[in-house]
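What follows is entry30.txt (compact mmCIF, C-alpha atoms and all ligand atoms).
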```txt
# COMPACT_ATOMS: atom_id res chain seq x y z
CA MET A 534 -5.39 -31.00 2.87
CA THR A 535 -4.81 -33.06 -0.26
CA PRO A 536 -2.11 -32.00 -2.74
CA ASP A 537 -4.89 -31.27 -5.25
CA ASP A 538 -6.68 -29.03 -2.76
CA PHE A 539 -3.44 -27.21 -2.05
CA ASP A 540 -2.68 -26.72 -5.75
CA PHE A 541 -6.21 -25.45 -6.33
CA ILE A 542 -6.17 -22.82 -3.56
CA ALA A 543 -2.56 -21.78 -4.21
CA ALA A 544 -3.27 -21.23 -7.91
CA LEU A 545 -6.46 -19.31 -7.16
CA LEU A 546 -4.73 -16.98 -4.69
CA LYS A 547 -1.85 -16.29 -7.05
CA ALA A 548 -4.18 -15.59 -9.98
CA ARG A 549 -6.55 -13.38 -7.99
CA SER A 550 -4.18 -11.40 -5.78
CA GLY A 551 -0.58 -12.34 -6.57
CA LEU A 552 -0.24 -13.98 -3.16
CA ILE A 553 2.19 -16.88 -3.11
CA VAL A 554 1.47 -19.59 -0.57
CA SER A 555 4.12 -22.26 -0.18
CA ARG A 556 3.39 -25.77 1.07
CA ASP A 557 4.87 -25.01 4.45
CA LYS A 558 2.17 -22.34 4.92
CA VAL A 559 -0.75 -24.75 5.01
CA TYR A 560 -1.27 -23.73 8.64
CA LEU A 561 -1.94 -20.17 7.41
CA LEU A 562 -4.61 -21.44 5.03
CA GLU A 563 -6.13 -23.40 7.90
CA SER A 564 -6.13 -20.53 10.39
CA ARG A 565 -7.47 -17.90 8.00
CA LEU A 566 -9.92 -19.92 5.95
CA THR A 567 -11.47 -22.20 8.58
CA PRO A 568 -13.45 -19.21 9.97
CA VAL A 569 -14.66 -18.48 6.41
CA ALA A 570 -15.80 -22.11 6.13
CA ARG A 571 -17.57 -21.91 9.51
CA ARG A 572 -19.42 -18.75 8.52
CA ARG A 573 -20.72 -20.75 5.56
CA GLY A 574 -21.90 -23.55 7.82
CA LEU A 575 -19.04 -25.85 6.82
CA ASP A 576 -16.97 -27.36 9.57
CA THR A 577 -13.64 -27.83 7.74
CA LEU A 578 -11.42 -26.07 5.24
CA GLU A 579 -11.55 -29.20 3.06
CA LYS A 580 -15.33 -28.81 2.74
CA LEU A 581 -14.91 -25.15 1.82
CA LEU A 582 -12.40 -26.05 -0.88
CA ALA A 583 -14.68 -28.81 -2.17
CA THR A 584 -17.50 -26.24 -2.47
CA MET A 585 -15.23 -23.85 -4.31
CA ARG A 586 -14.00 -26.55 -6.65
CA ARG A 587 -17.54 -27.72 -7.45
CA GLN A 588 -18.69 -24.38 -8.77
CA VAL A 589 -17.38 -20.86 -9.15
CA ASP A 590 -18.81 -18.50 -6.56
CA GLU A 591 -17.39 -15.05 -7.14
CA GLU A 592 -18.41 -13.67 -3.78
CA LEU A 593 -16.90 -16.60 -1.93
CA THR A 594 -13.70 -16.29 -3.95
CA ARG A 595 -13.40 -12.62 -2.97
CA THR A 596 -14.00 -13.46 0.67
CA VAL A 597 -11.30 -16.12 0.55
CA VAL A 598 -8.82 -13.81 -1.18
CA GLU A 599 -9.51 -11.06 1.38
CA ALA A 600 -9.17 -13.45 4.28
CA MET A 601 -5.69 -14.39 3.07
CA THR A 602 -4.40 -10.81 2.95
CA THR A 603 -2.09 -9.62 5.70
CA ASN A 604 -3.22 -6.14 6.64
CA GLU A 605 -0.72 -5.14 9.28
CA SER A 606 0.02 -1.44 9.18
CA PHE A 607 0.79 1.38 11.52
CA PHE A 608 1.17 5.13 11.54
CA PHE A 609 4.52 6.48 10.31
CA ARG A 610 5.75 2.90 9.82
CA ASP A 611 9.57 2.90 9.79
CA ALA A 612 9.47 6.72 10.23
CA THR A 613 12.22 7.50 7.67
CA PRO A 614 10.13 7.20 4.47
CA PHE A 615 7.64 9.69 5.86
CA ASP A 616 10.39 12.09 6.89
CA ILE A 617 11.97 11.79 3.43
CA PHE A 618 8.57 12.48 1.90
CA ARG A 619 8.10 15.61 4.01
CA ASP A 620 11.67 16.91 4.04
CA GLN A 621 12.92 16.03 0.56
CA VAL A 622 10.23 14.90 -1.82
CA LEU A 623 7.61 17.55 -1.03
CA PRO A 624 10.05 20.51 -1.24
CA ARG A 625 11.26 19.24 -4.64
CA LEU A 626 7.72 18.82 -5.89
CA ARG A 627 6.98 22.33 -4.71
CA GLU A 628 9.62 23.57 -7.14
CA HIS A 629 8.97 21.09 -9.90
CA ASN A 630 5.17 21.44 -9.93
CA ALA A 631 5.11 25.19 -9.21
CA ALA A 632 3.20 25.87 -12.42
CA SER A 633 0.43 23.34 -11.91
CA LYS A 634 0.36 23.58 -8.10
CA ARG A 635 -0.78 20.00 -8.12
CA ILE A 636 0.68 16.88 -6.51
CA ARG A 637 -0.64 13.36 -6.84
CA VAL A 638 0.29 10.59 -4.41
CA TRP A 639 -0.78 6.95 -4.62
CA CYS A 640 -0.68 4.57 -1.67
CA ALA A 641 -1.04 1.35 -3.60
CA ALA A 642 -1.64 -1.11 -0.75
CA ALA A 643 -2.97 1.20 1.89
CA SER A 644 -4.60 -1.34 4.19
CA SER A 645 -6.52 0.32 7.04
CA GLY A 646 -5.30 3.80 6.18
CA GLN A 647 -2.41 4.48 8.54
CA GLU A 648 0.03 5.04 5.67
CA PRO A 649 -1.98 7.59 3.62
CA TYR A 650 -3.18 9.29 6.81
CA SER A 651 0.43 9.65 7.99
CA LEU A 652 1.17 11.49 4.73
CA ALA A 653 -1.97 13.61 5.12
CA ILE A 654 -0.98 14.55 8.68
CA TYR A 655 2.46 15.71 7.51
CA ILE A 656 0.88 17.77 4.75
CA LYS A 657 -1.63 19.25 7.17
CA GLU A 658 1.23 20.21 9.48
CA GLN A 659 2.60 22.32 6.61
CA GLU A 660 -0.79 23.74 5.73
CA HIS A 661 0.59 27.27 5.34
CA LEU A 662 2.78 26.09 2.43
CA TRP A 663 0.07 24.31 0.51
CA ARG A 664 -2.94 26.60 0.74
CA ASP A 665 -3.41 27.16 -2.98
CA TRP A 666 -2.24 23.67 -3.98
CA ALA A 667 -4.26 20.60 -4.86
CA ILE A 668 -2.66 17.61 -3.18
CA GLU A 669 -4.42 14.38 -3.97
CA ILE A 670 -3.79 11.22 -1.97
CA LEU A 671 -5.33 8.14 -3.53
CA ALA A 672 -5.27 5.09 -1.28
CA THR A 673 -6.17 1.69 -2.70
CA ASP A 674 -6.29 -1.88 -1.48
CA ILE A 675 -7.71 -5.18 -2.65
CA SER A 676 -9.55 -5.69 0.64
CA THR A 677 -12.89 -3.92 1.04
CA GLN A 678 -12.87 -4.74 4.74
CA VAL A 679 -9.73 -2.74 5.47
CA LEU A 680 -10.94 0.07 3.23
CA ASP A 681 -14.14 0.38 5.28
CA LYS A 682 -12.04 0.66 8.40
CA ALA A 683 -9.75 3.18 6.70
CA ARG A 684 -12.64 5.38 5.61
CA ALA A 685 -14.07 5.41 9.12
CA GLY A 686 -10.64 6.37 10.50
CA ILE A 687 -11.37 4.60 13.78
CA TYR A 688 -8.45 2.92 15.53
CA THR A 689 -7.95 1.00 18.75
CA GLN A 690 -5.74 2.19 21.57
CA PHE A 691 -3.15 -0.38 20.47
CA GLU A 692 -3.18 0.93 16.89
CA VAL A 693 -2.73 4.57 17.84
CA GLN A 694 0.05 3.69 20.24
CA ARG A 695 2.08 2.22 17.38
CA GLY A 696 3.95 5.05 15.71
CA LEU A 697 1.82 8.07 16.58
CA PRO A 698 3.44 10.73 18.73
CA ILE A 699 1.11 11.63 21.60
CA ARG A 700 0.98 15.25 20.42
CA THR A 701 -0.29 14.11 17.00
CA LEU A 702 -2.80 11.79 18.62
CA ILE A 703 -4.27 14.55 20.75
CA LYS A 704 -4.26 17.05 17.92
CA TYR A 705 -5.97 14.97 15.24
CA PHE A 706 -7.95 12.24 17.02
CA THR A 707 -11.02 12.19 19.23
CA GLN A 708 -11.36 9.48 21.83
CA SER A 709 -14.62 7.63 22.02
CA GLY A 710 -14.64 4.88 24.61
CA GLU A 711 -11.94 2.39 23.69
CA THR A 712 -11.25 3.81 20.25
CA TRP A 713 -9.91 6.95 18.60
CA GLN A 714 -11.31 8.57 15.47
CA LEU A 715 -9.17 10.62 13.14
CA SER A 716 -10.52 14.11 12.45
CA LYS A 717 -12.72 14.60 9.42
CA GLN A 718 -10.34 17.20 7.99
CA ILE A 719 -7.55 14.60 7.74
CA ARG A 720 -9.90 11.84 6.56
CA ASP A 721 -11.15 14.15 3.82
CA MET A 722 -7.62 14.52 2.46
CA VAL A 723 -7.53 10.87 1.37
CA THR A 724 -9.65 9.09 -1.24
CA PHE A 725 -10.01 5.34 -0.72
CA ARG A 726 -10.77 2.94 -3.55
CA GLU A 727 -10.81 -0.80 -3.98
CA PHE A 728 -8.13 -1.80 -6.44
CA ASN A 729 -6.16 -4.95 -7.25
CA LEU A 730 -2.50 -4.34 -8.11
CA LEU A 731 -2.71 -7.06 -10.75
CA GLU A 732 -5.10 -4.89 -12.76
CA SER A 733 -4.19 -2.14 -15.24
CA TYR A 734 -3.06 1.22 -13.80
CA ARG A 735 -3.81 3.14 -16.98
CA ASN A 736 -7.00 4.80 -15.79
CA PHE A 737 -5.26 6.37 -12.83
CA GLY A 738 -3.33 9.00 -14.75
CA ARG A 739 0.15 9.92 -13.52
CA PHE A 740 1.42 10.27 -9.98
CA ASP A 741 4.36 12.20 -8.56
CA VAL A 742 4.85 9.74 -5.71
CA ILE A 743 3.91 6.10 -5.20
CA PHE A 744 4.00 4.34 -1.85
CA CYS A 745 3.93 0.60 -2.47
CA ARG A 746 5.06 -0.67 0.88
CA ASN A 747 4.99 -4.13 2.37
CA VAL A 748 2.93 -5.80 -0.31
CA LEU A 749 5.48 -6.93 -2.92
CA ILE A 750 6.91 -9.30 -0.28
CA TYR A 751 3.85 -11.51 -0.80
CA PHE A 752 4.35 -11.82 -4.58
CA ASP A 753 6.71 -13.92 -6.71
CA GLN A 754 9.58 -12.31 -8.66
CA GLU A 755 7.64 -12.13 -11.88
CA THR A 756 4.66 -10.37 -10.31
CA LYS A 757 6.91 -7.97 -8.38
CA ALA A 758 8.72 -7.04 -11.61
CA ASP A 759 5.45 -6.62 -13.47
CA VAL A 760 3.98 -4.33 -10.78
CA LEU A 761 7.15 -2.22 -10.64
CA ASN A 762 7.42 -1.87 -14.42
CA ARG A 763 3.79 -0.85 -14.70
CA MET A 764 4.20 1.64 -11.85
CA ARG A 765 7.07 3.19 -13.78
CA GLU A 766 4.64 3.74 -16.68
CA ILE A 767 2.50 6.06 -14.55
CA LEU A 768 5.37 7.90 -12.86
CA PRO A 769 6.96 10.79 -14.71
CA THR A 770 10.78 10.99 -14.79
CA HIS A 771 10.84 13.09 -11.63
CA GLY A 772 8.58 10.64 -9.78
CA THR A 773 9.57 8.77 -6.64
CA LEU A 774 8.68 5.32 -5.38
CA PHE A 775 8.73 4.15 -1.78
CA LEU A 776 8.99 0.45 -1.00
CA GLY A 777 8.96 -1.33 2.35
CA ALA A 778 12.13 -1.90 4.34
CA ALA A 779 12.33 -5.55 3.25
CA GLU A 780 11.66 -4.80 -0.41
CA THR A 781 13.83 -3.71 -3.32
CA VAL A 782 13.83 -3.19 -7.09
CA LEU A 783 17.24 -4.85 -7.41
CA GLY A 784 17.13 -7.98 -9.53
CA LEU A 785 13.56 -7.16 -10.61
CA THR A 786 13.71 -4.12 -12.85
CA ASP A 787 16.27 -1.60 -14.04
CA ARG A 788 13.65 1.09 -14.48
CA PHE A 789 14.09 2.35 -10.91
CA LYS A 790 17.25 3.00 -8.94
CA PRO A 791 17.64 3.02 -5.17
CA VAL A 792 18.75 6.32 -3.70
CA PRO A 793 22.01 5.70 -1.82
CA GLY A 794 21.66 6.09 1.91
CA GLN A 795 17.86 6.49 1.70
CA ARG A 796 16.50 3.05 2.33
CA GLY A 797 13.14 2.45 0.73
CA LEU A 798 13.35 5.38 -1.68
CA TYR A 799 13.66 4.82 -5.44
CA VAL A 800 13.89 7.24 -8.35
CA THR A 801 13.36 6.52 -12.01
CA SER A 802 16.43 5.27 -13.87
CA ASP A 803 16.08 8.16 -16.31
CA ALA A 804 16.39 10.68 -13.48
CA ALA A 805 19.25 8.71 -11.90
CA ALA A 806 21.10 8.64 -15.24
CA ALA A 807 20.69 12.39 -15.63
CA ALA A 808 22.30 12.90 -12.23
CA PRO A 809 25.04 10.28 -11.87
CA GLY A 810 25.78 9.26 -8.30
CA SER A 811 22.39 10.70 -7.55
CA GLY A 812 20.63 11.23 -4.32
CA VAL A 813 17.22 12.83 -4.40
CA ARG A 814 18.82 16.24 -4.24
CA GLN A 815 20.83 15.79 -7.43
CA ASN A 816 18.01 13.94 -9.01
CA VAL A 817 15.74 16.89 -8.47
CA ALA A 818 18.38 19.39 -9.50
CA ALA A 819 18.57 17.61 -12.84
CA ARG A 820 14.88 17.97 -13.58
C1 LIG A 901 0.96 -5.53 5.06
S1 LIG A 901 -0.23 -4.46 4.38
C2 LIG A 901 0.76 -3.03 4.05
C3 LIG A 901 0.04 -1.75 4.42
C4 LIG A 901 0.88 -0.50 4.28
N1 LIG A 901 1.32 -0.29 2.93
C5 LIG A 901 2.05 -0.54 5.22
O1 LIG A 901 3.20 -0.70 4.75
O2 LIG A 901 1.86 -0.39 6.42
C6 LIG A 901 -0.43 -5.17 2.75
C7 LIG A 901 -1.73 -4.79 2.07
O3 LIG A 901 -1.67 -5.18 0.72
C8 LIG A 901 -2.97 -5.54 0.30
N2 LIG A 901 -2.86 -6.36 -0.91
C9 LIG A 901 -2.44 -7.63 -1.02
N3 LIG A 901 -2.50 -8.04 -2.29
C10 LIG A 901 -2.97 -6.98 -3.01
C11 LIG A 901 -3.25 -6.79 -4.38
N4 LIG A 901 -3.08 -7.75 -5.29
N5 LIG A 901 -3.72 -5.58 -4.76
C12 LIG A 901 -3.91 -4.59 -3.86
N6 LIG A 901 -3.66 -4.73 -2.54
C13 LIG A 901 -3.19 -5.92 -2.13
C14 LIG A 901 -3.54 -6.27 1.49
O4 LIG A 901 -4.95 -6.30 1.48
C15 LIG A 901 -2.95 -5.47 2.65
O5 LIG A 901 -3.88 -4.52 3.14
```
Output the structure of this file as C-alpha cells.
Amino acid sequence: MTPDDFDFIAALLKARSGLIVSRDKVYLLESRLTPVARRRGLDTLEKLLATMRRQVDEELTRTVVEAMTTNESFFFRDATPFDIFRDQVLPRLREHNAASKRIRVWCAAASSGQEPYSLAIYIKEQEHLWRDWAIEILATDISTQVLDKARAGIYTQFEVQRGLPIRTLIKYFTQSGETWQLSKQIRDMVTFREFNLLESYRNFGRFDVIFCRNVLIYFDQETKADVLNRMREILPTHGTLFLGAAETVLGLTDRFKPVPGQRGLYVTSDAAAAAPGSGVRQNVAAR
C-alpha cells in the first residue's frame, strides 16, 4: 500500500467513525478490506482504494467503515459492571426516579446485543420490582450488520458459552440446531438503532445510565474527550457512566469521576463534588 493510499484510508476511517489506524496496522486493513474488494470484483485492496479515491461512493464507504469495526462482545462481559448496575445503580434509581417511575439506559456501542440484553435479563430477573415502571434500553451501533444480528437475538454455541450462566441460557434461550435464540420477551425490552458516536446526541433526550464500553479504545484522545463531554450533556447529575475495563476518563475530561474501588463506573463530577470521597452510595445519598 502506498503512503498516499494509507493516508487516504486512515483519514477516511477517522472522519467517518473515529477509528484510528496506525501504520503498523496495515495488515488489519488488508485482512478486513480485501474481502470487501473481492465482493466488488476487485482482486486487491489497492484497486479498492483506487476506486474509492476516484469517486465518492457512499455505500462503499459505509461498507468499508463497517468492515473495519471490531464487534467482539459477550454476555455479562467483565461481570462486575452488570452486578454494579443491578445491585447499586438500579436501587438508587428506584429511589431517585420514584416519582416518574421511568429509567432510561443507553448502550452506546452495543454491537451484536449481548451488552443490552445482559442488562435486560437482570431487569427481567427483578420483574416483581419494576412492574409499573417504564425501563427503556436504547442500544446503538454504527454497524448495521451487528444490529441485524442483535435484533434477531440469535447466537452461536460459542457465543452463549461466553459469559452466560447455564441457568440463564436455559431460561431465556431456545435452541435451534447449532444456534440459540433469545426469548422475544427479552428482545422486546431493547430498542436497536443505527447511530454514529461522532454525531450529535441532542435528539436522544437524557439518560440515567450510559454504557459506553470497549469503543473509546479505538479513538484518539481528542475524540474520546469529545464523546465523553457530550455524553455528560445528556446525563443528569445523578447519572452514571460505565466504560470498558481498559478505558478511563482520566486525562480526558474532568466532567466525570471514577468511583473508587468500582472499576469501570463513573459518576458526574457535580455528584462527586457534592459527596466528597464518594462511592456510588454517597453519591446517591447526596442527590
Ligand atoms: C468491541 S465492540 C464493544 C461492544 C460492547 N460494548 C462490549 O463491550 O462488549 C465495539 C463496537 O463499537 C462500534 N463502533 C465503532 N465505532 C463506532 C462509532 N463511531 N459509533 C458507534 N459505534 C461504533 C463497533 O461497530 C462495535 O460494534
Residues at most 10 Å from Leu593 in chain A, counting all atoms listed in the file, excluding those fewer than 3 positions away in the same chain, as an NGL selection string?
:A and (569-570 or 573 or 581 or 584-585 or 589-590 or 596-599)
Compute the set of protein, DNA and RNA residues whose minimum atom distance to ligand LIG 901 (chain A) is at most 6 Å, using all atoms listed in the file, and state it as a VMD selection string.
chain A and resid 550 to 551 602 to 607 642 to 644 648 674 to 676 728 to 731 746 to 748
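One distance worth recording is that between CA of Ile636 in chain A and CA of Ile668 in chain A, which is 4.8 Å.
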Skipping near chain neighbours, those fewer than 2 positions away, what residues fall within 12 Å of Asp537 in chain A using all atoms listed in the file, listed as a ChimeraX atom specification?
/A:534-535,539-544,556,579,582-583,586
Given the point (-4.3, 13.6, 7.7) in the coordinates of this file, which residues lie within 9 Å, counting only C-alpha atoms, and how would they look as an mmCIF file with C-alpha atoms, in the coordinates of the input?
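Written output follows (selection38.cif):
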```
data_model
loop_
_atom_site.group_PDB
_atom_site.id
_atom_site.type_symbol
_atom_site.label_atom_id
_atom_site.label_comp_id
_atom_site.auth_asym_id
_atom_site.auth_seq_id
_atom_site.Cartn_x
_atom_site.Cartn_y
_atom_site.Cartn_z
ATOM 1 C CA PRO A 649 -1.980 7.590 3.620
ATOM 2 C CA TYR A 650 -3.180 9.290 6.810
ATOM 3 C CA SER A 651 0.430 9.650 7.990
ATOM 4 C CA LEU A 652 1.170 11.490 4.730
ATOM 5 C CA ALA A 653 -1.970 13.610 5.120
ATOM 6 C CA ILE A 654 -0.980 14.550 8.680
ATOM 7 C CA TYR A 655 2.460 15.710 7.510
ATOM 8 C CA ILE A 656 0.880 17.770 4.750
ATOM 9 C CA LYS A 657 -1.630 19.250 7.170
ATOM 10 C CA GLU A 658 1.230 20.210 9.480
ATOM 11 C CA TYR A 705 -5.970 14.970 15.240
ATOM 12 C CA LEU A 715 -9.170 10.620 13.140
ATOM 13 C CA SER A 716 -10.520 14.110 12.450
ATOM 14 C CA LYS A 717 -12.720 14.600 9.420
ATOM 15 C CA GLN A 718 -10.340 17.200 7.990
ATOM 16 C CA ILE A 719 -7.550 14.600 7.740
ATOM 17 C CA ARG A 720 -9.900 11.840 6.560
ATOM 18 C CA ASP A 721 -11.150 14.150 3.820
ATOM 19 C CA MET A 722 -7.620 14.520 2.460
ATOM 20 C CA VAL A 723 -7.530 10.870 1.370
#
```
Between CA of Ile687 in chain A and CA of Gln714 in chain A, measure the distance and give it in Å to one decimal.
4.3 Å
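For the choices A:Arg735, A:Lys547, A:Arg788, A:Arg726, the atom-to-atom distance to Val679 in chain A is smallest for A:Arg726 when using only C-alpha atoms.
Distance check against Asp741 in chain A using all atoms listed in the file: of A:Tyr560, A:Phe775, A:Phe615, A:Phe691, the minimum falls on A:Phe775.
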Exercise: range 692-696 of chain A partners within 8 Å, all atoms listed in the file, chain neighbours under 2 positions left out, as a ChimeraX atom specification
/A:607-610,612,688-690,698,702,713
